[in-house]
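Here's the structure, in structure tokens; my notes come after.
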Amino acid sequence: MSEQLVFRSRWFEDIPVGEFHVFGSHTFGEKEIIDFGKRYAPQPYHTDPEAALDTRYRGLVASGWHISAIWMKLMVSYMERFATGVRDGRRNGAGVGFQNMKWIKPVRPGHTLTYTYEIIEKLDKVVRGQWGIIRSRNEAYNQYGELVFTFEIDILAELNPENRS
């Protein structure tokens with residue numbers, strides 16, 4: 001049985017507030033946390049399991065920027081798959097700013113985060129006469145269902161040429 005290719009429009013006007021996606025999950029390994037920490041966030045609670053015991057975290061934890069980088073990786077991969085079938089070559093989704101980023105709970109080796117995305121607002125602003133702005137809430141939950149990471153991001157989505165002034 002062959003998979004049918006579905007073509008769809010994804011103009012700004014076609015994207016509803018409330019649209020929700022699960023980008024995927026990622027399990028953080030000890031070596032991965034240490035490698036990222038040594039390269040980008042060289043604090044003992046990201047780089048040294050023994051020294052991390054004497055910190056406020058009482059053990060090794062993933063850097064918030066590591067958690068954010070995994071969001072980016074999963075988001076790009078998911079959106080590339082989601083865009084399959086858009087036949088006009090548009091590449092919506094360039095970020096123009098984020099706010100309210102919070103790392104709420106520590107992420108330890110072996111923790112699995114599931115990343116979600118929900119469109120919460122379409123801003124009443126047009127950029128260069130061609131782009132609308134969509135605000136989304138992005139979150140990650142650990143394997144216990146606890147919120148551990150959240151932020152909002154504004155992204156560009158191309159306006160339908162038929163509706164431009």
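In the structure tokens, the first chain shown is A, the next is B, and so on; residue numbers restart at 1 for each chain, and ligands run from 1 in the order shown.
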
- Neighbour list for Ala140 in chain A as a list of chain:residue names, cut-off 8 Å, only C-alpha atoms, skip fewer than 6 positions in-chain: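 Those residues are A:Leu113, A:Thr114, A:Tyr115, A:Thr116, A:Leu147, A:Val148, A:Phe149, A:Thr150.
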
Put those residues in a file: C-alpha atoms, as a PDB file, in the first residue's frame.
ATOM      1  CA  LEU A 113      11.383  15.013  28.162  1.00  0.00           C
ATOM      2  CA  THR A 114       8.437  15.291  25.795  1.00  0.00           C
ATOM      3  CA  TYR A 115       8.289  18.610  23.954  1.00  0.00           C
ATOM      4  CA  THR A 116       5.010  20.276  22.946  1.00  0.00           C
ATOM      5  CA  LEU A 147       6.464  20.720  33.495  1.00  0.00           C
ATOM      6  CA  VAL A 148      10.229  21.323  33.408  1.00  0.00           C
ATOM      7  CA  PHE A 149      10.724  23.877  30.595  1.00  0.00           C
ATOM      8  CA  THR A 150       8.562  26.561  29.024  1.00  0.00           C
TER       9      THR A 150
END

- Message: I want to know what sits within 12 Å of Glu139 in chain A, based on only C-alpha atoms, with residues of the same chain fewer than 3 positions away left out; could you give that as a PyMOL selection string?
- Response: chain A and resi 20-25+67-68+70-72+75+100-104+113-119+136+142+145-153

Suppose we keep N, CA, C and O atoms; can you now write the selection as a compact mmCIF listing (two decimals), in the first residue's frame?
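Written out: again-v1.txt:
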# COMPACT_ATOMS: atom_id res chain seq x y z
N PHE A 20 -2.03 22.38 18.11
CA PHE A 20 -1.15 21.75 19.09
C PHE A 20 -0.36 20.62 18.44
O PHE A 20 -0.91 19.86 17.65
N HIS A 21 0.93 20.54 18.78
CA HIS A 21 1.79 19.49 18.25
C HIS A 21 2.66 18.94 19.37
O HIS A 21 3.03 19.66 20.29
N VAL A 22 3.00 17.68 19.26
CA VAL A 22 4.02 17.07 20.10
C VAL A 22 5.22 16.83 19.20
O VAL A 22 5.14 16.05 18.25
N PHE A 23 6.32 17.54 19.48
CA PHE A 23 7.51 17.43 18.63
C PHE A 23 8.22 16.11 18.79
O PHE A 23 8.87 15.62 17.89
N GLY A 24 8.16 15.53 19.98
CA GLY A 24 8.83 14.27 20.23
C GLY A 24 9.43 14.25 21.62
O GLY A 24 9.23 15.17 22.41
N SER A 25 10.15 13.18 21.89
CA SER A 25 10.76 12.99 23.21
C SER A 25 12.25 12.75 23.07
O SER A 25 12.73 12.33 22.02
N ILE A 67 18.72 21.66 27.20
CA ILE A 67 17.29 21.38 27.09
C ILE A 67 16.70 22.18 25.93
O ILE A 67 15.91 21.65 25.14
N SER A 68 17.12 23.43 25.80
CA SER A 68 16.65 24.29 24.70
C SER A 68 17.13 23.79 23.35
O SER A 68 16.38 23.82 22.37
N ILE A 70 17.83 20.76 22.47
CA ILE A 70 17.06 19.57 22.09
C ILE A 70 15.69 19.98 21.57
O ILE A 70 15.19 19.41 20.60
N TRP A 71 15.07 21.00 22.18
CA TRP A 71 13.81 21.52 21.64
C TRP A 71 14.01 21.92 20.18
O TRP A 71 13.22 21.56 19.32
N MET A 72 15.09 22.67 19.90
CA MET A 72 15.34 23.15 18.54
C MET A 72 15.50 21.98 17.57
O MET A 72 14.93 21.98 16.48
N MET A 75 12.09 20.28 17.11
CA MET A 75 11.17 21.16 16.40
C MET A 75 11.48 21.20 14.91
O MET A 75 10.60 21.05 14.07
N ASN A 100 9.71 34.80 28.34
CA ASN A 100 9.25 33.96 29.44
C ASN A 100 9.88 32.57 29.46
O ASN A 100 9.23 31.60 29.83
N MET A 101 11.16 32.47 29.08
CA MET A 101 11.82 31.18 29.12
C MET A 101 12.14 30.81 30.57
O MET A 101 12.73 31.61 31.30
N LYS A 102 11.71 29.61 30.96
CA LYS A 102 11.93 29.15 32.33
C LYS A 102 12.32 27.67 32.32
O LYS A 102 11.69 26.86 31.65
N TRP A 103 13.35 27.37 33.10
CA TRP A 103 13.74 25.99 33.36
C TRP A 103 13.27 25.72 34.78
O TRP A 103 13.86 26.21 35.75
N ILE A 104 12.23 24.96 34.93
CA ILE A 104 11.50 24.87 36.19
C ILE A 104 12.01 23.77 37.12
O ILE A 104 12.08 23.96 38.32
N LEU A 113 12.26 13.86 28.34
CA LEU A 113 11.38 15.01 28.16
C LEU A 113 10.57 14.85 26.88
O LEU A 113 11.10 14.42 25.86
N THR A 114 9.31 15.23 26.96
CA THR A 114 8.44 15.29 25.80
C THR A 114 8.13 16.76 25.55
O THR A 114 7.68 17.47 26.46
N TYR A 115 8.39 17.20 24.32
CA TYR A 115 8.29 18.61 23.95
C TYR A 115 6.99 18.87 23.18
O TYR A 115 6.67 18.15 22.24
N THR A 116 6.27 19.92 23.60
CA THR A 116 5.01 20.28 22.95
C THR A 116 5.04 21.74 22.48
O THR A 116 5.86 22.53 22.93
N TYR A 117 4.09 22.03 21.60
CA TYR A 117 4.00 23.34 20.95
C TYR A 117 2.53 23.66 20.74
O TYR A 117 1.79 22.81 20.22
N GLU A 118 2.10 24.85 21.16
CA GLU A 118 0.72 25.25 20.93
C GLU A 118 0.68 26.71 20.49
O GLU A 118 1.30 27.57 21.12
N ILE A 119 -0.06 26.97 19.42
CA ILE A 119 -0.24 28.35 18.97
C ILE A 119 -1.23 29.01 19.91
O ILE A 119 -2.35 28.53 20.08
N SER A 136 3.65 31.14 19.94
CA SER A 136 3.39 29.79 20.44
C SER A 136 3.99 29.61 21.82
O SER A 136 4.97 30.25 22.18
N ASN A 142 8.59 16.08 31.91
CA ASN A 142 9.41 14.90 32.17
C ASN A 142 8.54 13.64 32.22
O ASN A 142 7.32 13.70 32.01
N GLY A 145 5.31 13.59 34.09
CA GLY A 145 4.26 14.52 33.71
C GLY A 145 4.43 15.91 34.29
O GLY A 145 3.52 16.73 34.22
N GLU A 146 5.61 16.19 34.84
CA GLU A 146 5.88 17.50 35.43
C GLU A 146 6.44 18.46 34.38
O GLU A 146 7.32 18.09 33.60
N LEU A 147 5.94 19.69 34.38
CA LEU A 147 6.46 20.72 33.49
C LEU A 147 7.87 21.08 33.96
O LEU A 147 8.07 21.42 35.12
N VAL A 148 8.85 21.00 33.04
CA VAL A 148 10.23 21.32 33.41
C VAL A 148 10.81 22.49 32.61
O VAL A 148 11.82 23.07 33.01
N PHE A 149 10.18 22.85 31.49
CA PHE A 149 10.72 23.88 30.59
C PHE A 149 9.57 24.53 29.86
O PHE A 149 8.65 23.84 29.41
N THR A 150 9.61 25.86 29.75
CA THR A 150 8.56 26.56 29.02
C THR A 150 9.09 27.88 28.47
O THR A 150 9.99 28.49 29.07
N PHE A 151 8.56 28.30 27.35
CA PHE A 151 8.82 29.62 26.79
C PHE A 151 7.82 29.90 25.69
O PHE A 151 7.13 29.00 25.21
N GLU A 152 7.74 31.16 25.30
CA GLU A 152 6.92 31.57 24.17
C GLU A 152 7.85 32.10 23.09
O GLU A 152 8.87 32.72 23.39
N ILE A 153 7.47 31.85 21.84
CA ILE A 153 8.27 32.34 20.72
C ILE A 153 7.34 32.93 19.67
O ILE A 153 6.23 32.43 19.47

- Just give me the gap between CA of Ile34 in chain A and CA of Thr47 in chain A in Å, one decimal is fine.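 Those two atoms sit 4.4 Å apart.
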
- Query: Quick one, how far is CA of Tyr141 in chain A from CA of Asp35 in chain A?
  - Reply: 22.7 Å

- Message: Taking only range 50-119 of chain A into account, list the residues labelled strand (DSSP E) by DSSP (computed from the backbone), as a ChimeraX atom specification.
- Response: /A:95-103,112-119

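What separates CA of Leu159 in chain A from CA of Val127 in chain A is a distance of 9.8 Å.
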
- Task: Would you mind listing what lies within 8 Å of Phe28 in chain A as a VMD selection string, with only C-alpha atoms counted and same-chain residues fewer than 3 positions away left out?
- Result: chain A and resid 32 to 33 62 107 to 112

Write to file, as a PDB file, in the first residue's frame, the residues of the selection just made, with N, CA and C atoms.
ATOM      1  N   GLU A  32      26.101  12.515  27.511  1.00  0.00           N
ATOM      2  CA  GLU A  32      25.597  13.634  26.702  1.00  0.00           C
ATOM      3  C   GLU A  32      25.541  14.928  27.532  1.00  0.00           C
ATOM      4  N   ILE A  33      25.037  14.839  28.764  1.00  0.00           N
ATOM      5  CA  ILE A  33      24.952  16.011  29.646  1.00  0.00           C
ATOM      6  C   ILE A  33      26.348  16.562  29.921  1.00  0.00           C
ATOM      7  N   ALA A  62      21.199  18.502  33.427  1.00  0.00           N
ATOM      8  CA  ALA A  62      21.382  19.060  32.080  1.00  0.00           C
ATOM      9  C   ALA A  62      21.314  20.579  32.150  1.00  0.00           C
ATOM     10  N   VAL A 107      16.758  18.481  35.129  1.00  0.00           N
ATOM     11  CA  VAL A 107      16.699  17.318  34.245  1.00  0.00           C
ATOM     12  C   VAL A 107      17.974  16.527  34.489  1.00  0.00           C
ATOM     13  N   ARG A 108      17.814  15.300  34.939  1.00  0.00           N
ATOM     14  CA  ARG A 108      18.943  14.449  35.336  1.00  0.00           C
ATOM     15  C   ARG A 108      19.178  13.345  34.317  1.00  0.00           C
ATOM     16  N   PRO A 109      20.344  12.706  34.376  1.00  0.00           N
ATOM     17  CA  PRO A 109      20.590  11.574  33.479  1.00  0.00           C
ATOM     18  C   PRO A 109      19.465  10.546  33.600  1.00  0.00           C
ATOM     19  N   GLY A 110      18.987  10.094  32.446  1.00  0.00           N
ATOM     20  CA  GLY A 110      17.902   9.127  32.401  1.00  0.00           C
ATOM     21  C   GLY A 110      16.518   9.739  32.301  1.00  0.00           C
ATOM     22  N   HIS A 111      16.406  11.050  32.517  1.00  0.00           N
ATOM     23  CA  HIS A 111      15.108  11.703  32.384  1.00  0.00           C
ATOM     24  C   HIS A 111      14.740  11.813  30.900  1.00  0.00           C
ATOM     25  N   THR A 112      13.471  11.605  30.624  1.00  0.00           N
ATOM     26  CA  THR A 112      12.942  11.743  29.268  1.00  0.00           C
ATOM     27  C   THR A 112      11.988  12.918  29.240  1.00  0.00           C
TER      28      THR A 112
END

- Find the residues around Trp65 in chain A up to 9 Å (only C-alpha atoms counted), leave out those fewer than 4 positions away in its own chain, and share them as a list in words.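 Here the answer would be Tyr40, Ala41, Ala69 and Ile70 of chain A.
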
Given the selection you just returned, output its residues as a file containing C-alpha atoms, formatted as a CSV table (one decimal), in the first residue's frame.
chain,number,residue,atom,x,y,z
A,40,TYR,CA,28.9,25.1,26.4
A,41,ALA,CA,28.0,25.3,30.1
A,69,ALA,CA,19.0,22.9,22.0
A,70,ILE,CA,17.1,19.6,22.1

- Message: Let me make sure I understand: among A:Gly18, A:Pro106, A:Gly59, A:Pro49, which one has the smallest atom-to-atom distance to Glu121 in chain A if we use only C-alpha atoms?
- Response: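 Closest residue, counting only C-alpha atoms: A:Gly18.
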
- Task: Give the alpha helix (DSSP H) residues of range 25-154 of chain A, as DSSP finds them on the backbone, and put them as a PyMOL selection string.
- Result: chain A and resi 30-40+44-47+49-52+64-82

- Nearest to Ala157 in chain A by atom-to-atom distance, counting only C-alpha atoms, from A:Phe98, A:Phe82, A:Trp11, A:Tyr57: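 Between A:Phe98, A:Phe82, A:Trp11, A:Tyr57, the residue approaching Ala157 in chain A most closely is A:Trp11.
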
- Query: Which neighbours of Phe12 in chain A fall inside 9 Å, counting only C-alpha atoms, when residues of the same chain fewer than 3 positions from it are skipped, and could you give them as a PyMOL selection string?
  - Reply: chain A and resi 15-16+92+122+131-134+156-160

Prev. selection, N, CA, C and O atoms, output as a tab-separated table (two decimals), in the first residue's frame:
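Final output, saved to again-v2.tsv:
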chain	number	residue	atom	x	y	z
A	15	ILE	N	-3.60	29.02	9.74
A	15	ILE	CA	-3.04	28.42	10.95
A	15	ILE	C	-3.89	28.86	12.14
A	15	ILE	O	-3.89	30.04	12.48
A	16	PRO	N	-4.59	27.94	12.78
A	16	PRO	CA	-5.51	28.34	13.86
A	16	PRO	C	-4.84	28.47	15.22
A	16	PRO	O	-3.94	27.71	15.57
A	92	ASN	N	7.88	28.92	6.18
A	92	ASN	CA	7.46	29.71	7.32
A	92	ASN	C	8.18	29.24	8.57
A	92	ASN	O	8.70	28.14	8.63
A	122	LYS	N	-2.26	35.06	17.45
A	122	LYS	CA	-1.82	35.61	16.17
A	122	LYS	C	-1.79	37.12	16.38
A	122	LYS	O	-2.83	37.73	16.59
A	131	TRP	N	4.37	39.21	6.05
A	131	TRP	CA	4.45	38.20	7.11
A	131	TRP	C	3.55	38.55	8.29
A	131	TRP	O	3.57	39.66	8.79
A	132	GLY	N	2.81	37.56	8.77
A	132	GLY	CA	2.10	37.66	10.03
A	132	GLY	C	2.96	37.05	11.12
A	132	GLY	O	3.92	36.34	10.84
A	133	ILE	N	2.61	37.33	12.37
A	133	ILE	CA	3.38	36.79	13.50
A	133	ILE	C	2.47	35.91	14.33
A	133	ILE	O	1.38	36.31	14.74
A	134	ILE	N	2.96	34.71	14.57
A	134	ILE	CA	2.25	33.73	15.39
A	134	ILE	C	3.05	33.53	16.67
A	134	ILE	O	4.27	33.36	16.64
A	156	LEU	N	7.39	33.93	12.17
A	156	LEU	CA	6.80	34.50	10.97
A	156	LEU	C	6.04	33.43	10.19
A	156	LEU	O	6.48	32.28	10.12
A	157	ALA	N	4.91	33.83	9.64
A	157	ALA	CA	4.15	32.98	8.73
A	157	ALA	C	3.69	33.85	7.58
A	157	ALA	O	3.13	34.94	7.79
A	158	GLU	N	3.94	33.38	6.39
A	158	GLU	CA	3.63	34.19	5.20
A	158	GLU	C	2.14	34.38	5.01
A	158	GLU	O	1.35	33.43	5.13
A	159	LEU	N	1.76	35.63	4.74
A	159	LEU	CA	0.36	35.95	4.44
A	159	LEU	C	0.01	35.46	3.04
A	159	LEU	O	0.85	35.48	2.14
A	160	ASN	N	-1.22	35.06	2.86
A	160	ASN	CA	-1.70	34.67	1.55
A	160	ASN	C	-1.65	35.89	0.64
A	160	ASN	O	-2.18	36.95	0.99
